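Below: one structure, written as structure tokens.
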Amino acid sequence: MKILLFFYNLVLPLGFIFFVPGLLWKLWRRPGWKKTFGERFACYSKERKVELEAYKNGIWIHAVSVGESVIALALCRKLRACYPDLPIVISTGTTTGQELVRKQLPEGASAIFCPMDFLWMVKKVLRMLKPQMLVIFETEIWPNLIVQAKKQGVKTALVNARLSDHSAKGYTRFKFFFAPLLAKFDVIAAQSEGDKERFNLVSPQANVLNCGNLKFDQSVPSDLKAVDLSGYFGAGEYKVILGASTHPGEEAVIAASFKELYAKNDNLRLVLIPRHAERGEEVMQTLAKLEIGTARRSNDSRTGEKILCLLADTTGEMLKFMKASDVVIMGKSIAGHDEGHNLIEPALLKKAIVTGAVLRNFRFLMQVLTGKNAIKTIAADSELTDVLAELLENDELRNELGNKAFAAISEHSGATDKTLAALEKLI
């Protein structure tokens, strides 16, 4: 392992050179908390170091972006309830995730940016925090962070862990590196039995448990209010189609279907939320080509005489827009994409969900929903218009799908308790 890490650290700076332009571009274009972004390079002011003194000898939870940060916060609250005297630090890798965490931090917890996986940066932060335990979410497997944590006697856990078929093939190809690395985790709490099997295939000696998907335990705030769309679409009642967490190519497919449907029913409106807010200008150009009057939420710019579409290129508002919608099309599942996104949030809101037929990264979740006939899937982009038309014309069908989706998700709750039980053995 030492030799492999030597070569990893030898190659890492070269890879970082190619990574930097994208990192800086995202920092410039993406919204979120940027004031302490220097922490990504283990740069802390004297004041910041003093502030973090109060969070030594606790638990370090690492999530990446907004989705992981939401469930990391939920786990943080549970841990604080069980261990009120144990400080917690949550780290993120994105500015949007950092902003979300900072807004919702429970008492006794703080937030930092996770350092890059350079050896000296990782060592510096570990020495500063001196955590008892490092809890990493999903697939953030950084070799130096894991190895150095173990060297300093820190208990390590990979929670809500998932491993797709595609990733498993890559990990298996480099099994000589990943097998001993995964075995360094004191516990890997996998999302499903399939994920557990794939982790064990890569690293037979790893301690992997099937604890379930923490996202099944998400809840919708009781005081959640839908976004007021009247400022964009005017007064009146509309049927709203939401394209959620969309990726390149998907906005064009969804907007084209909307335009076709609108020609037959002018009581329809469209909301698009790109997965990456910095793609706002690109999506606006796509909508302009289709001649769809659009308002852009980030800067309130507008095109066309009549606003039929809202481009919500902002972050942290997904649930509010979902609540205001009638049909939710989940992104990264059409227009050539097949990895998928989390379907649990619209299910918790009892929304009719449409997605591509193959979600490689969320297969178990798809099985749960399709097994209960709680979701509409399309095998080809050309099917989208007909499926949307059926749902929009049938209130009873939409309600039925939403209720079935909620019930299906509720059946699989309990992952938090299982994960906490696994972590408690390490504390």
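Order determines the names: the first chain of the structure tokens is A, the second B, and so forth; residues in each chain are numbered 1 upward, and ligands are numbered 1 upward as they are shown.
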
Filtered DSSP result for stretch 246-291 of chain A, state strand (DSSP E or B), as a PyMOL selection string: chain A and resi 246+268-274

Contacts of A:Lys184 at 12 Å (only C-alpha atoms; same-chain gap of 2+ positions) as a VMD selection string: chain A and resid 1 134 141 to 151 153 to 158 177 to 182 186 to 188 203 205 to 208

Output for the residues just chosen: N, CA and C atoms as an mmCIF file, in the first residue's frame:
```
data_model
loop_
_atom_site.group_PDB
_atom_site.id
_atom_site.type_symbol
_atom_site.label_atom_id
_atom_site.label_comp_id
_atom_site.auth_asym_id
_atom_site.auth_seq_id
_atom_site.Cartn_x
_atom_site.Cartn_y
_atom_site.Cartn_z
ATOM 1 N N MET A 1 0.831 -1.208 0.000
ATOM 2 C CA MET A 1 0.000 0.000 0.000
ATOM 3 C C MET A 1 0.864 1.257 0.000
ATOM 4 N N LEU A 134 -14.078 9.757 11.607
ATOM 5 C CA LEU A 134 -14.293 10.378 10.307
ATOM 6 C C LEU A 134 -15.398 9.611 9.596
ATOM 7 N N ILE A 141 -14.051 8.613 -1.733
ATOM 8 C CA ILE A 141 -12.963 7.747 -1.277
ATOM 9 C C ILE A 141 -11.625 8.395 -1.650
ATOM 10 N N TRP A 142 -11.100 9.217 -0.724
ATOM 11 C CA TRP A 142 -9.833 9.921 -0.941
ATOM 12 C C TRP A 142 -8.722 9.196 -0.183
ATOM 13 N N PRO A 143 -7.770 8.625 -0.908
ATOM 14 C CA PRO A 143 -6.739 7.773 -0.287
ATOM 15 C C PRO A 143 -5.967 8.417 0.854
ATOM 16 N N ASN A 144 -5.428 9.621 0.656
ATOM 17 C CA ASN A 144 -4.619 10.235 1.715
ATOM 18 C C ASN A 144 -5.446 10.523 2.959
ATOM 19 N N LEU A 145 -6.661 11.001 2.758
ATOM 20 C CA LEU A 145 -7.525 11.310 3.897
ATOM 21 C C LEU A 145 -7.802 10.059 4.713
ATOM 22 N N ILE A 146 -8.106 8.966 4.035
ATOM 23 C CA ILE A 146 -8.438 7.714 4.718
ATOM 24 C C ILE A 146 -7.218 7.129 5.421
ATOM 25 N N VAL A 147 -6.112 7.052 4.709
ATOM 26 C CA VAL A 147 -4.903 6.433 5.263
ATOM 27 C C VAL A 147 -4.351 7.249 6.429
ATOM 28 N N GLN A 148 -4.299 8.570 6.265
ATOM 29 C CA GLN A 148 -3.765 9.409 7.337
ATOM 30 C C GLN A 148 -4.674 9.406 8.566
ATOM 31 N N ALA A 149 -5.971 9.343 8.353
ATOM 32 C CA ALA A 149 -6.895 9.252 9.484
ATOM 33 C C ALA A 149 -6.618 7.979 10.289
ATOM 34 N N LYS A 150 -6.443 6.883 9.577
ATOM 35 C CA LYS A 150 -6.160 5.612 10.255
ATOM 36 C C LYS A 150 -4.829 5.670 10.996
ATOM 37 N N LYS A 151 -3.830 6.309 10.389
ATOM 38 C CA LYS A 151 -2.514 6.414 11.024
ATOM 39 C C LYS A 151 -2.588 7.202 12.330
ATOM 40 N N GLY A 153 -5.085 7.149 14.306
ATOM 41 C CA GLY A 153 -5.967 6.460 15.239
ATOM 42 C C GLY A 153 -7.418 6.874 15.171
ATOM 43 N N VAL A 154 -7.806 7.492 14.037
ATOM 44 C CA VAL A 154 -9.194 7.941 13.864
ATOM 45 C C VAL A 154 -10.041 6.782 13.322
ATOM 46 N N LYS A 155 -11.178 6.541 13.933
ATOM 47 C CA LYS A 155 -12.099 5.542 13.410
ATOM 48 C C LYS A 155 -12.720 6.084 12.121
ATOM 49 N N THR A 156 -12.838 5.236 11.113
ATOM 50 C CA THR A 156 -13.336 5.705 9.813
ATOM 51 C C THR A 156 -14.539 4.894 9.364
ATOM 52 N N ALA A 157 -15.507 5.590 8.768
ATOM 53 C CA ALA A 157 -16.721 4.928 8.275
ATOM 54 C C ALA A 157 -17.138 5.555 6.948
ATOM 55 N N LEU A 158 -17.553 4.725 6.028
ATOM 56 C CA LEU A 158 -18.143 5.168 4.765
ATOM 57 C C LEU A 158 -19.624 4.856 4.857
ATOM 58 N N PHE A 177 -5.198 -1.655 -5.645
ATOM 59 C CA PHE A 177 -5.157 -0.384 -4.914
ATOM 60 C C PHE A 177 -6.394 -0.202 -4.044
ATOM 61 N N PHE A 178 -7.573 -0.446 -4.607
ATOM 62 C CA PHE A 178 -8.811 -0.159 -3.899
ATOM 63 C C PHE A 178 -9.175 -1.208 -2.847
ATOM 64 N N ALA A 179 -8.771 -2.452 -3.043
ATOM 65 C CA ALA A 179 -9.107 -3.493 -2.062
ATOM 66 C C ALA A 179 -8.518 -3.167 -0.682
ATOM 67 N N PRO A 180 -7.214 -2.911 -0.578
ATOM 68 C CA PRO A 180 -6.683 -2.571 0.756
ATOM 69 C C PRO A 180 -7.168 -1.213 1.262
ATOM 70 N N LEU A 181 -7.469 -0.295 0.342
ATOM 71 C CA LEU A 181 -7.944 1.028 0.752
ATOM 72 C C LEU A 181 -9.331 0.929 1.393
ATOM 73 N N LEU A 182 -10.243 0.211 0.755
ATOM 74 C CA LEU A 182 -11.592 0.039 1.306
ATOM 75 C C LEU A 182 -11.556 -0.736 2.616
ATOM 76 N N ASP A 186 -13.313 1.187 9.036
ATOM 77 C CA ASP A 186 -13.773 0.312 10.111
ATOM 78 C C ASP A 186 -15.124 -0.283 9.775
ATOM 79 N N VAL A 187 -15.926 0.482 9.036
ATOM 80 C CA VAL A 187 -17.212 -0.036 8.576
ATOM 81 C C VAL A 187 -17.625 0.701 7.305
ATOM 82 N N ILE A 188 -18.242 -0.034 6.401
ATOM 83 C CA ILE A 188 -18.865 0.552 5.210
ATOM 84 C C ILE A 188 -20.343 0.233 5.287
ATOM 85 N N SER A 203 -13.363 -5.565 -2.555
ATOM 86 C CA SER A 203 -12.548 -5.751 -1.348
ATOM 87 C C SER A 203 -13.203 -6.771 -0.420
ATOM 88 N N GLN A 205 -12.140 -8.327 2.034
ATOM 89 C CA GLN A 205 -11.795 -8.196 3.447
ATOM 90 C C GLN A 205 -12.443 -6.990 4.119
ATOM 91 N N ALA A 206 -13.132 -6.152 3.350
ATOM 92 C CA ALA A 206 -13.768 -4.962 3.915
ATOM 93 C C ALA A 206 -14.982 -5.344 4.763
ATOM 94 N N ASN A 207 -15.227 -4.565 5.807
ATOM 95 C CA ASN A 207 -16.380 -4.785 6.690
ATOM 96 C C ASN A 207 -17.561 -4.000 6.136
ATOM 97 N N VAL A 208 -18.390 -4.667 5.346
ATOM 98 C CA VAL A 208 -19.505 -4.000 4.672
ATOM 99 C C VAL A 208 -20.830 -4.488 5.232
#
```

Any chance you could tabulate, as CSV, the residues of stretch 145-204 of chain A at most 6 Å from stretch 209-213 of chain A with each one's nearest atom pair and distance in Å to one decimal, using only C-alpha atoms, in chain and rising number order?
```
residue,atom,partner,partner_atom,distance
A:Asn160,CA,A:Asn213,CA,5.8
A:Ala189,CA,A:Leu209,CA,5.0
A:Ala190,CA,A:Asn210,CA,4.9
A:Gln191,CA,A:Gly212,CA,4.3
A:Ser192,CA,A:Gly212,CA,5.4
A:Glu193,CA,A:Asn210,CA,5.7
```

Surrounding residues of A:Glu250 excluding itself and chain neighbours under 2 positions, 9 Å, only C-alpha atoms, as a VMD selection string: chain A and resid 243 246 to 248 252 to 255 331 to 337

Emit the selected residues as a short mmCIF file (atom, residue, chain, number, x, y, z; two decimals), in the first residue's frame, including N, CA and C atoms.
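This went into result39.cif:
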```
data_model
loop_
_atom_site.label_atom_id
_atom_site.label_comp_id
_atom_site.auth_asym_id
_atom_site.auth_seq_id
_atom_site.Cartn_x
_atom_site.Cartn_y
_atom_site.Cartn_z
N GLY A 243 -38.96 20.17 -14.57
CA GLY A 243 -37.78 19.40 -14.98
C GLY A 243 -36.73 19.61 -13.90
N THR A 246 -31.78 18.83 -14.19
CA THR A 246 -31.56 18.46 -15.58
C THR A 246 -30.11 18.64 -16.00
N HIS A 247 -29.73 17.86 -17.02
CA HIS A 247 -28.37 17.88 -17.57
C HIS A 247 -28.43 18.25 -19.06
N PRO A 248 -27.28 18.55 -19.66
CA PRO A 248 -27.27 18.97 -21.07
C PRO A 248 -28.08 18.06 -21.98
N ALA A 252 -33.81 20.67 -23.67
CA ALA A 252 -34.36 20.77 -25.02
C ALA A 252 -35.49 19.75 -25.23
N VAL A 253 -35.29 18.53 -24.74
CA VAL A 253 -36.30 17.48 -24.89
C VAL A 253 -37.56 17.85 -24.10
N ILE A 254 -37.37 18.27 -22.87
CA ILE A 254 -38.52 18.62 -22.01
C ILE A 254 -39.27 19.84 -22.56
N ALA A 255 -38.50 20.86 -22.98
CA ALA A 255 -39.13 22.09 -23.49
C ALA A 255 -39.88 21.82 -24.79
N GLY A 331 -34.16 14.56 -13.74
CA GLY A 331 -33.10 14.65 -14.74
C GLY A 331 -32.07 13.53 -14.69
N LYS A 332 -31.12 13.65 -15.61
CA LYS A 332 -30.05 12.67 -15.84
C LYS A 332 -30.62 11.29 -16.14
N SER A 333 -31.78 11.30 -16.84
CA SER A 333 -32.42 10.02 -17.16
C SER A 333 -32.95 9.97 -18.58
N ILE A 334 -32.91 11.09 -19.31
CA ILE A 334 -33.37 11.13 -20.70
C ILE A 334 -32.29 11.82 -21.54
N ALA A 335 -32.56 11.97 -22.82
CA ALA A 335 -31.61 12.64 -23.73
C ALA A 335 -30.23 12.00 -23.68
N GLY A 336 -30.19 10.68 -23.59
CA GLY A 336 -28.92 9.96 -23.60
C GLY A 336 -28.33 9.72 -22.22
N HIS A 337 -28.94 10.28 -21.18
CA HIS A 337 -28.45 10.07 -19.81
C HIS A 337 -29.18 8.88 -19.18
#
```

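For A:Asn9, the set of protein, DNA and RNA residues having any atom at most 9 Å away, when counting only C-alpha atoms and skipping those fewer than 5 positions along the same chain, is Leu4, Phe118, Leu119 and Asn144 of chain A.
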
Using N, CA and C atoms, can you export the residues from the last selection as an mmCIF file, in the first residue's frame?
```cif
data_model
loop_
_atom_site.group_PDB
_atom_site.id
_atom_site.type_symbol
_atom_site.label_atom_id
_atom_site.label_comp_id
_atom_site.auth_asym_id
_atom_site.auth_seq_id
_atom_site.Cartn_x
_atom_site.Cartn_y
_atom_site.Cartn_z
ATOM 1 N N LEU A 4 2.006 2.037 -3.487
ATOM 2 C CA LEU A 4 0.891 2.542 -4.292
ATOM 3 C C LEU A 4 0.570 3.990 -3.935
ATOM 4 N N PHE A 118 -4.180 16.303 -0.977
ATOM 5 C CA PHE A 118 -2.723 16.350 -0.915
ATOM 6 C C PHE A 118 -2.299 15.972 0.499
ATOM 7 N N LEU A 119 -1.224 15.246 0.601
ATOM 8 C CA LEU A 119 -0.785 14.679 1.872
ATOM 9 C C LEU A 119 -0.628 15.743 2.958
ATOM 10 N N ASN A 144 -5.428 9.621 0.656
ATOM 11 C CA ASN A 144 -4.619 10.235 1.715
ATOM 12 C C ASN A 144 -5.446 10.523 2.959
#
```

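Nearest-residue note for A:Lys259: choosing from A:Leu388, A:Glu237, A:Phe174, A:Asp300, the minimum distance belongs to A:Leu388, counting only C-alpha atoms.
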
DSSP-assigned helix (DSSP H, G or I) among stretch 19-253 of chain A, expressed as JSON, numbers by chain: {"A": [19, 20, 21, 22, 23, 24, 25, 26, 27, 28, 29, 37, 38, 39, 40, 41, 46, 47, 48, 49, 50, 51, 52, 53, 54, 55, 66, 67, 68, 69, 70, 71, 72, 73, 74, 75, 76, 77, 78, 79, 80, 81, 82, 95, 96, 97, 98, 99, 100, 101, 102, 103, 104, 119, 120, 121, 122, 123, 124, 125, 126, 127, 128, 129, 143, 144, 145, 146, 147, 148, 149, 150, 151, 165, 166, 167, 168, 169, 170, 171, 172, 173, 175, 176, 177, 178, 179, 180, 181, 182, 183, 193, 194, 195, 196, 197, 198, 199, 200, 201, 202, 214, 215, 216, 217, 230, 231, 232, 233, 250, 251, 252, 253]}

Restricting it to C-alpha atoms, dump the selection as an mmCIF file, in the first residue's frame.
```
data_model
loop_
_atom_site.group_PDB
_atom_site.id
_atom_site.type_symbol
_atom_site.label_atom_id
_atom_site.label_comp_id
_atom_site.auth_asym_id
_atom_site.auth_seq_id
_atom_site.Cartn_x
_atom_site.Cartn_y
_atom_site.Cartn_z
ATOM 1 C CA PHE A 19 -8.290 19.966 -12.420
ATOM 2 C CA VAL A 20 -7.568 23.579 -11.401
ATOM 3 C CA PRO A 21 -9.167 25.366 -14.418
ATOM 4 C CA GLY A 22 -12.462 23.548 -13.863
ATOM 5 C CA LEU A 23 -12.285 24.206 -10.133
ATOM 6 C CA LEU A 24 -11.766 27.939 -10.623
ATOM 7 C CA TRP A 25 -14.458 28.109 -13.304
ATOM 8 C CA LYS A 26 -16.975 26.468 -10.967
ATOM 9 C CA LEU A 27 -15.922 28.776 -8.145
ATOM 10 C CA TRP A 28 -16.593 31.767 -10.371
ATOM 11 C CA ARG A 29 -19.839 30.566 -11.935
ATOM 12 C CA PHE A 37 -12.907 28.587 0.072
ATOM 13 C CA GLY A 38 -9.205 28.759 0.889
ATOM 14 C CA GLU A 39 -9.877 25.874 3.272
ATOM 15 C CA ARG A 40 -9.917 23.650 0.201
ATOM 16 C CA PHE A 41 -6.161 24.251 0.249
ATOM 17 C CA LYS A 46 -5.814 32.752 12.925
ATOM 18 C CA GLU A 47 -9.381 33.656 13.852
ATOM 19 C CA ARG A 48 -10.729 30.610 12.061
ATOM 20 C CA LYS A 49 -8.261 28.306 13.817
ATOM 21 C CA VAL A 50 -9.312 29.703 17.173
ATOM 22 C CA GLU A 51 -12.972 29.245 16.234
ATOM 23 C CA LEU A 52 -12.417 25.591 15.323
ATOM 24 C CA GLU A 53 -10.588 24.858 18.615
ATOM 25 C CA ALA A 54 -14.010 24.224 20.169
ATOM 26 C CA TYR A 55 -14.651 21.386 17.700
ATOM 27 C CA VAL A 66 -26.198 19.729 -1.693
ATOM 28 C CA GLY A 67 -27.819 16.274 -1.875
ATOM 29 C CA GLU A 68 -25.299 14.622 0.435
ATOM 30 C CA SER A 69 -25.243 17.669 2.707
ATOM 31 C CA VAL A 70 -28.980 17.366 3.398
ATOM 32 C CA ILE A 71 -28.674 13.834 4.770
ATOM 33 C CA ALA A 72 -25.350 14.651 6.448
ATOM 34 C CA LEU A 73 -27.159 17.355 8.412
ATOM 35 C CA ALA A 74 -29.907 14.889 9.357
ATOM 36 C CA LEU A 75 -27.294 12.405 10.605
ATOM 37 C CA CYS A 76 -25.513 15.218 12.439
ATOM 38 C CA ARG A 77 -28.707 16.100 14.326
ATOM 39 C CA LYS A 78 -29.209 12.449 15.321
ATOM 40 C CA LEU A 79 -25.621 12.170 16.556
ATOM 41 C CA ARG A 80 -25.919 15.422 18.506
ATOM 42 C CA ALA A 81 -29.080 14.105 20.163
ATOM 43 C CA CYS A 82 -27.299 10.894 21.183
ATOM 44 C CA THR A 95 -19.813 26.164 -2.426
ATOM 45 C CA THR A 96 -23.513 25.308 -2.704
ATOM 46 C CA GLY A 97 -23.175 22.463 -0.227
ATOM 47 C CA GLN A 98 -21.228 24.719 2.142
ATOM 48 C CA GLU A 99 -23.914 27.399 2.031
ATOM 49 C CA LEU A 100 -26.681 24.887 2.762
ATOM 50 C CA VAL A 101 -24.793 23.379 5.695
ATOM 51 C CA ARG A 102 -23.979 26.768 7.197
ATOM 52 C CA LYS A 103 -27.634 27.791 7.054
ATOM 53 C CA GLN A 104 -28.854 24.648 8.819
ATOM 54 C CA LEU A 119 -0.785 14.679 1.872
ATOM 55 C CA TRP A 120 0.327 17.859 3.670
ATOM 56 C CA MET A 121 -3.141 19.427 3.457
ATOM 57 C CA VAL A 122 -4.863 16.354 4.881
ATOM 58 C CA LYS A 123 -2.302 16.014 7.678
ATOM 59 C CA LYS A 124 -2.704 19.670 8.614
ATOM 60 C CA VAL A 125 -6.484 19.488 8.934
ATOM 61 C CA LEU A 126 -6.406 16.189 10.833
ATOM 62 C CA ARG A 127 -3.896 17.650 13.300
ATOM 63 C CA MET A 128 -6.078 20.732 13.694
ATOM 64 C CA LEU A 129 -9.374 18.868 14.284
ATOM 65 C CA PRO A 143 -6.739 7.773 -0.287
ATOM 66 C CA ASN A 144 -4.619 10.235 1.715
ATOM 67 C CA LEU A 145 -7.525 11.310 3.897
ATOM 68 C CA ILE A 146 -8.438 7.714 4.718
ATOM 69 C CA VAL A 147 -4.903 6.433 5.263
ATOM 70 C CA GLN A 148 -3.765 9.409 7.337
ATOM 71 C CA ALA A 149 -6.895 9.252 9.484
ATOM 72 C CA LYS A 150 -6.160 5.612 10.255
ATOM 73 C CA LYS A 151 -2.514 6.414 11.024
ATOM 74 C CA ASP A 165 -21.750 -1.336 -11.892
ATOM 75 C CA HIS A 166 -19.640 1.111 -13.885
ATOM 76 C CA SER A 167 -17.638 2.218 -10.843
ATOM 77 C CA ALA A 168 -17.289 -1.363 -9.625
ATOM 78 C CA LYS A 169 -15.668 -2.334 -12.934
ATOM 79 C CA GLY A 170 -13.156 0.491 -12.587
ATOM 80 C CA TYR A 171 -12.426 -0.360 -8.955
ATOM 81 C CA THR A 172 -12.021 -4.047 -9.814
ATOM 82 C CA ARG A 173 -9.586 -3.162 -12.599
ATOM 83 C CA LYS A 175 -8.300 -3.893 -7.214
ATOM 84 C CA PHE A 176 -4.682 -3.996 -6.051
ATOM 85 C CA PHE A 177 -5.157 -0.384 -4.914
ATOM 86 C CA PHE A 178 -8.811 -0.159 -3.899
ATOM 87 C CA ALA A 179 -9.107 -3.493 -2.062
ATOM 88 C CA PRO A 180 -6.683 -2.571 0.756
ATOM 89 C CA LEU A 181 -7.944 1.028 0.752
ATOM 90 C CA LEU A 182 -11.592 0.039 1.306
ATOM 91 C CA ALA A 183 -10.486 -2.434 3.968
ATOM 92 C CA GLU A 193 -27.565 -5.487 -0.789
ATOM 93 C CA GLY A 194 -26.394 -4.941 -4.369
ATOM 94 C CA ASP A 195 -24.014 -2.194 -3.254
ATOM 95 C CA LYS A 196 -22.747 -4.431 -0.456
ATOM 96 C CA GLU A 197 -22.027 -7.213 -2.925
ATOM 97 C CA ARG A 198 -20.144 -4.873 -5.266
ATOM 98 C CA PHE A 199 -18.022 -3.480 -2.434
ATOM 99 C CA ASN A 200 -17.202 -7.012 -1.280
ATOM 100 C CA LEU A 201 -16.344 -7.985 -4.845
ATOM 101 C CA VAL A 202 -13.742 -5.214 -4.938
ATOM 102 C CA LEU A 214 -30.423 7.236 4.422
ATOM 103 C CA LYS A 215 -32.370 9.221 1.875
ATOM 104 C CA PHE A 216 -35.378 6.982 2.542
ATOM 105 C CA ASP A 217 -35.452 8.552 6.006
ATOM 106 C CA SER A 230 -47.660 34.136 -9.872
ATOM 107 C CA GLY A 231 -44.899 36.704 -10.192
ATOM 108 C CA TYR A 232 -43.716 34.881 -13.296
ATOM 109 C CA PHE A 233 -46.844 33.351 -14.789
ATOM 110 C CA GLU A 250 -32.588 17.259 -21.333
ATOM 111 C CA GLU A 251 -33.886 20.822 -21.240
ATOM 112 C CA ALA A 252 -34.364 20.768 -25.017
ATOM 113 C CA VAL A 253 -36.303 17.481 -24.887
#
```

Interatomic distance (Å, one decimal) between atom CA of A:Val135 and atom CA of A:Gln367: 27.9 Å

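For the set A:Ala256, A:Ile112, A:Val159, A:Val11, the residue with the smallest atom-to-atom gap to A:Ala422 is A:Val159, counting only C-alpha atoms.
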